[in-house]
$ cat my_file06.cif   # mmCIF, C-alpha atoms
data_work
loop_
_atom_site.label_atom_id
_atom_site.label_comp_id
_atom_site.auth_asym_id
_atom_site.auth_seq_id
_atom_site.Cartn_x
_atom_site.Cartn_y
_atom_site.Cartn_z
CA THR H 1 -10.40 23.42 -39.16
CA SER H 2 -9.38 25.99 -36.53
CA ILE H 3 -10.65 27.75 -33.42
CA ALA H 4 -9.55 31.08 -31.92
CA VAL H 5 -10.71 32.55 -28.62
CA ALA H 6 -10.64 36.12 -27.28
CA GLU H 7 -12.31 36.45 -23.88
CA ASP H 8 -16.00 35.69 -24.62
CA ASP H 9 -15.63 35.59 -28.42
CA VAL H 10 -15.01 32.31 -30.22
CA PHE H 11 -14.15 32.14 -33.92
CA VAL H 12 -14.43 28.86 -35.82
CA ALA H 13 -12.93 28.42 -39.31
CA ASP H 14 -15.27 26.35 -41.47
CA ALA H 15 -13.50 25.15 -44.64
CA GLY H 16 -16.74 23.64 -45.98
CA ALA H 17 -18.81 26.81 -45.68
CA LEU H 18 -15.82 29.11 -46.48
CA VAL H 19 -16.53 31.41 -43.52
CA ILE H 20 -15.45 32.12 -39.97
CA TRP H 21 -18.33 31.59 -37.54
CA HIS H 22 -18.42 34.08 -34.67
CA TYR H 23 -19.90 32.95 -31.37
CA VAL H 24 -20.20 34.62 -27.99
CA THR H 25 -19.86 32.18 -25.13
CA PHE H 26 -20.51 32.40 -21.45
CA VAL H 27 -23.47 34.72 -21.89
CA LYS H 28 -24.60 35.86 -18.46
CA SER H 29 -27.98 34.52 -17.52
CA VAL H 30 -30.48 36.11 -15.14
CA THR H 31 -29.04 34.06 -12.30
CA SER H 32 -25.59 35.62 -12.91
CA ARG H 33 -24.20 32.20 -13.78
CA TYR H 34 -22.45 31.64 -17.06
CA ASN H 35 -24.09 29.70 -19.85
CA PRO H 36 -21.66 27.58 -21.91
CA ASP H 37 -24.11 27.16 -24.80
CA GLY H 38 -22.99 30.33 -26.55
CA LYS H 39 -24.77 32.38 -29.17
CA LEU H 40 -24.01 32.58 -32.89
CA LEU H 41 -23.43 36.22 -33.84
CA GLY H 42 -22.85 35.57 -37.53
CA SER H 43 -20.19 34.80 -40.08
CA ILE H 44 -17.08 36.63 -41.25
CA GLY H 45 -15.48 36.59 -44.68
CA LYS H 46 -18.40 35.74 -46.94
CA ARG H 47 -17.88 37.26 -50.41
CA ASP H 48 -19.32 40.80 -50.44
CA ARG H 49 -18.05 43.07 -53.22
CA GLU H 50 -19.67 46.18 -51.72
CA ARG H 51 -17.66 45.72 -48.52
CA GLY H 52 -14.46 44.77 -50.38
CA ILE H 53 -14.51 41.15 -49.23
CA GLY H 54 -13.36 38.72 -51.92
CA GLY H 55 -14.26 35.62 -49.93
CA PHE H 56 -12.08 32.76 -48.81
CA VAL H 57 -10.52 30.30 -51.25
CA VAL H 58 -9.88 27.01 -49.46
CA PRO H 59 -8.98 24.21 -51.94
CA SER H 60 -7.70 21.87 -49.20
CA PRO H 61 -8.58 21.40 -45.53
CA TYR H 62 -6.16 24.06 -44.29
CA PHE H 63 -8.00 27.15 -43.04
CA ASP H 64 -6.52 28.79 -39.95
CA VAL H 65 -7.74 31.61 -37.69
CA ALA H 66 -6.16 33.47 -34.74
CA VAL H 67 -6.70 36.62 -32.70
CA ALA H 68 -3.84 39.14 -32.82
CA PRO H 69 -2.72 41.00 -29.67
CA HIS H 70 -4.13 44.27 -31.05
CA GLY H 71 -7.60 42.71 -31.31
CA LEU H 72 -7.93 42.00 -35.02
CA LEU H 73 -8.90 38.58 -36.27
CA ARG H 74 -6.28 37.06 -38.59
CA VAL H 75 -7.35 34.46 -41.16
CA ALA H 76 -5.29 32.40 -43.62
CA ASN H 77 -6.85 32.63 -47.08
CA PRO H 78 -4.72 29.84 -48.56
CA GLY H 79 -6.07 29.83 -52.12
CA ALA H 80 -5.40 33.57 -52.31
CA HIS H 81 -1.95 33.15 -50.66
CA ARG H 82 -2.77 35.74 -48.00
CA ILE H 83 -3.14 36.44 -44.31
CA GLU H 84 -6.22 38.63 -43.99
CA ALA H 85 -7.39 40.82 -41.12
CA TYR H 86 -10.97 41.42 -39.93
CA THR H 87 -12.58 43.21 -37.04
CA PHE H 88 -14.72 41.09 -34.76
CA ASP H 89 -17.82 42.48 -36.49
CA GLY H 90 -16.55 41.32 -39.90
CA HIS H 91 -15.05 44.48 -41.41
CA PHE H 92 -12.22 43.57 -43.81
CA GLU H 93 -9.00 45.44 -42.96
CA ALA H 94 -7.32 45.59 -46.39
CA GLU H 95 -4.43 47.83 -45.28
CA VAL H 96 -3.12 45.19 -42.85
CA SER H 97 -3.93 42.13 -44.98
CA TRP H 98 -1.02 40.78 -46.97
CA GLY H 99 0.57 37.98 -48.95
CA LYS H 100 1.51 37.01 -52.47
CA ARG H 101 2.01 33.88 -54.52
CA GLY H 102 5.51 32.89 -55.58
CA LEU H 103 8.63 30.89 -54.88
CA ALA H 104 10.54 33.77 -53.28
CA VAL H 105 11.14 33.49 -49.55
CA ASP H 106 8.73 36.38 -48.83
CA ALA H 107 5.91 34.74 -50.84
CA PHE H 108 3.71 31.64 -50.50
CA CYS H 109 4.18 28.84 -53.03
CA GLY H 110 1.96 26.00 -54.19
CA CYS H 111 -1.78 25.84 -54.62
CA CYS H 112 -2.83 26.87 -51.16
CA ASN H 113 -0.55 28.46 -48.59
CA PRO H 114 -0.07 29.47 -45.87
CA ALA H 115 -1.50 26.21 -44.56
CA ASN H 116 -1.19 27.26 -40.91
CA PHE H 117 0.01 30.23 -38.89
CA ALA H 118 0.45 31.51 -35.35
CA ILE H 119 0.86 34.93 -33.80
CA LEU H 120 3.81 35.75 -31.56
CA PRO H 121 3.18 37.84 -28.39
CA ASP H 122 4.54 40.97 -30.12
CA GLY H 123 2.12 40.56 -33.06
CA ARG H 124 4.50 39.08 -35.62
CA VAL H 125 3.01 36.25 -37.68
CA VAL H 126 4.65 32.84 -38.06
CA THR H 127 3.52 30.99 -41.20
CA ALA H 128 3.78 27.33 -42.17
CA GLU H 129 3.58 26.09 -45.74
CA LYS H 130 2.86 22.67 -47.13
CA GLY H 131 4.27 21.19 -50.34
CA VAL H 132 7.55 23.02 -49.87
CA PRO H 133 7.48 23.02 -46.07
CA ARG H 134 8.95 26.17 -44.62
CA ILE H 135 8.29 28.21 -41.49
CA LYS H 136 8.69 32.01 -41.76
CA VAL H 137 8.12 35.15 -39.68
CA PHE H 138 6.48 38.35 -40.93
CA LYS H 139 5.81 41.63 -39.16
CA ASP H 140 3.43 44.53 -39.67
CA ALA H 141 1.57 44.30 -42.98
CA GLY H 142 3.54 41.32 -44.30
CA HIS H 143 7.13 42.53 -44.15
CA PHE H 144 9.30 39.41 -44.25
CA VAL H 145 11.56 39.02 -41.20
CA ASN H 146 13.25 35.62 -41.42
CA VAL H 147 13.02 31.88 -42.01
CA VAL H 148 12.57 29.81 -38.88
CA ALA H 149 12.88 26.42 -40.61
CA ALA H 150 13.81 25.62 -44.20
CA PRO H 151 12.35 22.70 -46.21
CA THR H 152 15.51 20.63 -45.70
CA LEU H 153 14.68 20.30 -41.99
CA PHE H 154 11.55 18.30 -42.76
CA GLY H 155 13.03 15.73 -45.16
CA GLY H 156 10.29 14.10 -47.22
CA ASN H 157 7.47 15.24 -44.95
CA ARG H 158 5.42 17.61 -47.09
CA ALA H 159 2.19 17.38 -45.08
CA GLY H 160 0.56 20.32 -43.33
CA ILE H 161 2.97 21.31 -40.62
CA ASP H 162 1.26 23.18 -37.79
CA VAL H 163 2.75 26.03 -35.77
CA ALA H 164 2.04 27.65 -32.43
CA ALA H 165 3.68 30.41 -30.42
CA ASP H 166 4.11 30.47 -26.67
CA THR H 167 4.15 33.46 -24.31
CA GLN H 168 7.97 33.53 -24.40
CA GLY H 169 7.98 34.05 -28.18
CA ARG H 170 9.16 30.56 -29.01
CA VAL H 171 7.84 28.88 -32.16
CA LEU H 172 6.52 25.35 -31.75
CA VAL H 173 6.30 23.23 -34.88
CA LEU H 174 4.23 20.04 -35.06
CA GLU H 175 5.49 17.72 -37.77
CA PRO H 176 2.69 15.27 -38.66
CA GLY H 177 3.62 11.63 -38.97
CA THR H 178 6.81 11.94 -36.92
CA SER H 179 5.55 12.41 -33.35
CA VAL H 180 7.92 15.37 -33.13
CA ILE H 181 7.34 18.87 -31.81
CA ARG H 182 10.25 21.13 -32.62
CA ILE H 183 10.81 24.24 -30.48
CA PHE H 184 12.61 27.25 -31.94
CA SER H 185 13.89 30.24 -29.98
CA GLU H 186 15.09 33.48 -31.50
CA LYS H 187 18.84 33.92 -31.42
CA SER H 188 19.99 36.90 -29.39
CA SER H 189 21.90 39.52 -31.36
#
$ encode --input "my_file06.cif" --output "structure tokens"
Amino acid sequence: TSIAVAEDDVFVADAGALVIWHYVTFVKSVTSRYNPDGKLLGSIGKRDRERGIGGFVVPSPYFDVAVAPHGLLRVANPGAHRIEAYTFDGHFEAEVSWGKRGLAVDAFCGCCNPANFAILPDGRVVTAEKGVPRIKVFKDAGHFVNVVAAPTLFGGNRAGIDVAADTQGRVLVLEPGTSVIRIFSEKSS
């Protein structure tokens, strides 16, 4: 359902298996050429009580992954209403994982949100929810910053809205079924 890339590391979110697959691509061969076949290093996020990993809860096909500027892997755990952080070797970073269920603007509502997310160049996280479609920005370990787009902007479209961030810090919102990409820029103070 999602792919994230960091140099030679590729992370693939698998909603069926409830894990993030970690591959290394472009492994140097003896001829010093790069091999695009890649190598599976393992999985991330499988339930492991000893390591403090609760496992991913993915009741619908929304399971997003991204690499943060500081090098941690960020994963939406939509059934748990959280954005979780992992090292590339699969260590769960509880102190920088965050999220809660609720209707409040700083929470995630419905059965399984955030549906999608993106990371701004400065590390802030932009989340997108389905059901009650809203786009929000969080910083650090889940401190709410602001709403980018309220549900009223999307009319009756309650499908999984996708978000991306560009290098200029703009938020791009793909609204399924409308052929529209909305671009939001932060207002200057």
$ atom_distance --input "my_file06.cif" --atom1 "CA of Leu18 (chain H)" --atom2 "CA of Phe138 (chain H)"
24.8 Å
$ closest_residue --input "my_file06.cif" --among "H:Lys39, H:Val65, H:Lys187, H:Ile20" --to "Asp8 (chain H)" --atoms "only C-alpha atoms"
H:Lys39
$ closest_residue --input "my_file06.cif" --among "H:Phe56, H:Phe154, H:Trp21, H:Tyr62" --to "Thr1 (chain H)" --atoms "only C-alpha atoms"
H:Tyr62
$ resolve_selection --input "my_file06.cif" --expression "the PyMOL selection byres ((chain H and resi 171) around 6)" --output "ChimeraX atom specification"
/H:164-165,170,172,183-184
$ resolve_selection --input "my_file06.cif" --expression "the PyMOL selection byres ((chain H and resi 67-76) around 9)" --output "PyMOL selection string"
chain H and resi 4-6+11+13+20+56+62-66+77-88+90+93+97+113-117+119-125
$ residues_near_point --input "my_file06.cif" --point "(-16.1, 34.7, -45.8)" --cutoff "9 Å" --atoms "all atoms listed in the file" --output "list in words"
Ala17, Leu18, Val19, Ile20, Ser43, Ile44, Gly45, Lys46, Arg47, Asp48, Ile53, Gly54, Gly55, Phe56, Val57 and Gly90 of chain H
$ closest_residue --input "my_file06.cif" --among "H:Val96, H:Ile3, H:Leu41, H:Val173" --to "Asp140 (chain H)" --atoms "only C-alpha atoms"
H:Val96
$ resolve_selection --input "my_file06.cif" --expression "the PyMOL selection byres ((chain H and resi 100) around 9)" --output "list in words"
Ala80, His81, Arg82, Trp98, Gly99, Arg101, Gly102, Asp106, Ala107, Phe108 and Cys109 of chain H
$ write_last_selection --input "my_file06.cif" --atoms "C-alpha atoms" --output "PDB file, in the coordinates of the input"
ATOM      1  CA  ALA H  80      -5.400  33.570 -52.310  1.00  0.00           C
ATOM      2  CA  HIS H  81      -1.950  33.150 -50.660  1.00  0.00           C
ATOM      3  CA  ARG H  82      -2.770  35.740 -48.000  1.00  0.00           C
ATOM      4  CA  TRP H  98      -1.020  40.780 -46.970  1.00  0.00           C
ATOM      5  CA  GLY H  99       0.570  37.980 -48.950  1.00  0.00           C
ATOM      6  CA  ARG H 101       2.010  33.880 -54.520  1.00  0.00           C
ATOM      7  CA  GLY H 102       5.510  32.890 -55.580  1.00  0.00           C
ATOM      8  CA  ASP H 106       8.730  36.380 -48.830  1.00  0.00           C
ATOM      9  CA  ALA H 107       5.910  34.740 -50.840  1.00  0.00           C
ATOM     10  CA  PHE H 108       3.710  31.640 -50.500  1.00  0.00           C
ATOM     11  CA  CYS H 109       4.180  28.840 -53.030  1.00  0.00           C
TER      12      CYS H 109
END
$ residues_around --input "my_file06.cif" --residues "Arg134 (chain H)" --least-positions-apart "4" --cutoff "10 Å" --atoms "only C-alpha atoms" --output "ChimeraX atom specification"
/H:105,108,114,127-130,147-154,158,161
$ write_last_selection --input "my_file06.cif" --atoms "C-alpha atoms" --output "compact mmCIF listing (two decimals), in the coordinates of the input"
# COMPACT_ATOMS: atom_id res chain seq x y z
CA VAL H 105 11.14 33.49 -49.55
CA PHE H 108 3.71 31.64 -50.50
CA PRO H 114 -0.07 29.47 -45.87
CA THR H 127 3.52 30.99 -41.20
CA ALA H 128 3.78 27.33 -42.17
CA GLU H 129 3.58 26.09 -45.74
CA LYS H 130 2.86 22.67 -47.13
CA VAL H 147 13.02 31.88 -42.01
CA VAL H 148 12.57 29.81 -38.88
CA ALA H 149 12.88 26.42 -40.61
CA ALA H 150 13.81 25.62 -44.20
CA PRO H 151 12.35 22.70 -46.21
CA THR H 152 15.51 20.63 -45.70
CA LEU H 153 14.68 20.30 -41.99
CA PHE H 154 11.55 18.30 -42.76
CA ARG H 158 5.42 17.61 -47.09
CA ILE H 161 2.97 21.31 -40.62
$ closest_residue --input "my_file06.cif" --among "H:Gly38, H:Pro176, H:Glu95, H:Thr167" --to "Pro133 (chain H)" --atoms "all atoms listed in the file"
H:Pro176
$ atom_distance --input "my_file06.cif" --atom1 "CA of Tyr23 (chain H)" --atom2 "CA of Cys112 (chain H)"
26.8 Å
$ closest_residue --input "my_file06.cif" --among "H:Pro61, H:Asp162, H:Leu174, H:His143" --to "Ala15 (chain H)" --atoms "only C-alpha atoms"
H:Pro61
$ atom_distance --input "my_file06.cif" --atom1 "CA of Gly131 (chain H)" --atom2 "CA of Ser60 (chain H)"
12.0 Å
$ decode --input "my_file06.cif" --residues "region 76-105 of chain H" --atoms "N, CA and C atoms" --output "short mmCIF file (atom, residue, chain, number, x, y, z; two decimals), in the first residue's frame"
data_model
loop_
_atom_site.label_atom_id
_atom_site.label_comp_id
_atom_site.auth_asym_id
_atom_site.auth_seq_id
_atom_site.Cartn_x
_atom_site.Cartn_y
_atom_site.Cartn_z
N ALA H 76 2.13 4.68 9.60
CA ALA H 76 0.77 4.88 10.11
C ALA H 76 0.26 3.53 10.60
N ASN H 77 -0.18 3.50 11.85
CA ASN H 77 -0.83 2.32 12.41
C ASN H 77 -2.30 2.71 12.58
N PRO H 78 -3.09 2.63 11.49
CA PRO H 78 -4.41 3.26 11.48
C PRO H 78 -5.40 2.69 12.47
N GLY H 79 -5.38 1.38 12.72
CA GLY H 79 -6.30 0.80 13.69
C GLY H 79 -5.97 1.19 15.12
N ALA H 80 -4.73 1.58 15.35
CA ALA H 80 -4.31 2.05 16.68
C ALA H 80 -4.34 3.57 16.77
N HIS H 81 -4.68 4.24 15.66
CA HIS H 81 -4.76 5.71 15.59
C HIS H 81 -3.43 6.37 15.96
N ARG H 82 -2.35 5.87 15.34
CA ARG H 82 -1.02 6.34 15.71
C ARG H 82 -0.11 6.50 14.50
N ILE H 83 0.89 7.34 14.67
CA ILE H 83 2.06 7.39 13.79
C ILE H 83 3.19 6.82 14.63
N GLU H 84 3.77 5.72 14.17
CA GLU H 84 4.82 5.07 14.94
C GLU H 84 6.18 5.29 14.28
N ALA H 85 7.23 5.17 15.08
CA ALA H 85 8.59 5.37 14.60
C ALA H 85 9.41 4.11 14.85
N TYR H 86 10.24 3.77 13.86
CA TYR H 86 11.12 2.59 13.95
C TYR H 86 12.48 2.95 13.37
N THR H 87 13.51 2.32 13.89
CA THR H 87 14.82 2.42 13.25
C THR H 87 14.80 1.51 12.04
N PHE H 88 15.77 1.66 11.18
CA PHE H 88 15.82 0.83 9.98
C PHE H 88 16.00 -0.65 10.32
N ASP H 89 16.55 -0.95 11.49
CA ASP H 89 16.70 -2.36 11.88
C ASP H 89 15.51 -2.88 12.68
N GLY H 90 14.43 -2.08 12.77
CA GLY H 90 13.18 -2.56 13.36
C GLY H 90 12.96 -2.27 14.82
N HIS H 91 13.82 -1.45 15.44
CA HIS H 91 13.61 -1.10 16.85
C HIS H 91 12.48 -0.07 16.95
N PHE H 92 11.48 -0.37 17.79
CA PHE H 92 10.34 0.53 17.99
C PHE H 92 10.77 1.69 18.87
N GLU H 93 10.54 2.92 18.40
CA GLU H 93 10.89 4.13 19.12
C GLU H 93 9.63 4.70 19.78
N ALA H 94 9.28 4.18 20.94
CA ALA H 94 8.04 4.54 21.63
C ALA H 94 7.98 6.02 21.99
N GLU H 95 9.12 6.61 22.37
CA GLU H 95 9.12 8.00 22.84
C GLU H 95 8.80 9.02 21.74
N VAL H 96 8.93 8.64 20.48
CA VAL H 96 8.59 9.54 19.39
C VAL H 96 7.43 9.01 18.54
N SER H 97 6.73 7.99 19.05
CA SER H 97 5.51 7.50 18.42
C SER H 97 4.35 8.18 19.11
N TRP H 98 3.29 8.46 18.38
CA TRP H 98 2.22 9.25 18.97
C TRP H 98 0.89 9.06 18.24
N GLY H 99 -0.16 9.53 18.89
CA GLY H 99 -1.50 9.52 18.31
C GLY H 99 -2.51 9.04 19.31
N LYS H 100 -3.76 9.45 19.10
CA LYS H 100 -4.84 9.01 19.97
C LYS H 100 -6.14 9.05 19.19
N ARG H 101 -7.09 8.25 19.65
CA ARG H 101 -8.40 8.19 19.02
C ARG H 101 -9.31 9.24 19.63
N GLY H 102 -10.11 9.90 18.78
CA GLY H 102 -11.06 10.87 19.28
C GLY H 102 -11.52 11.81 18.20
N LEU H 103 -12.50 12.64 18.55
CA LEU H 103 -13.04 13.61 17.60
C LEU H 103 -12.32 14.95 17.67
N ALA H 104 -11.56 15.19 18.73
CA ALA H 104 -10.85 16.46 18.88
C ALA H 104 -9.89 16.66 17.72
N VAL H 105 -9.57 17.89 17.43
CA VAL H 105 -8.74 18.22 16.28
C VAL H 105 -7.33 17.61 16.39
#
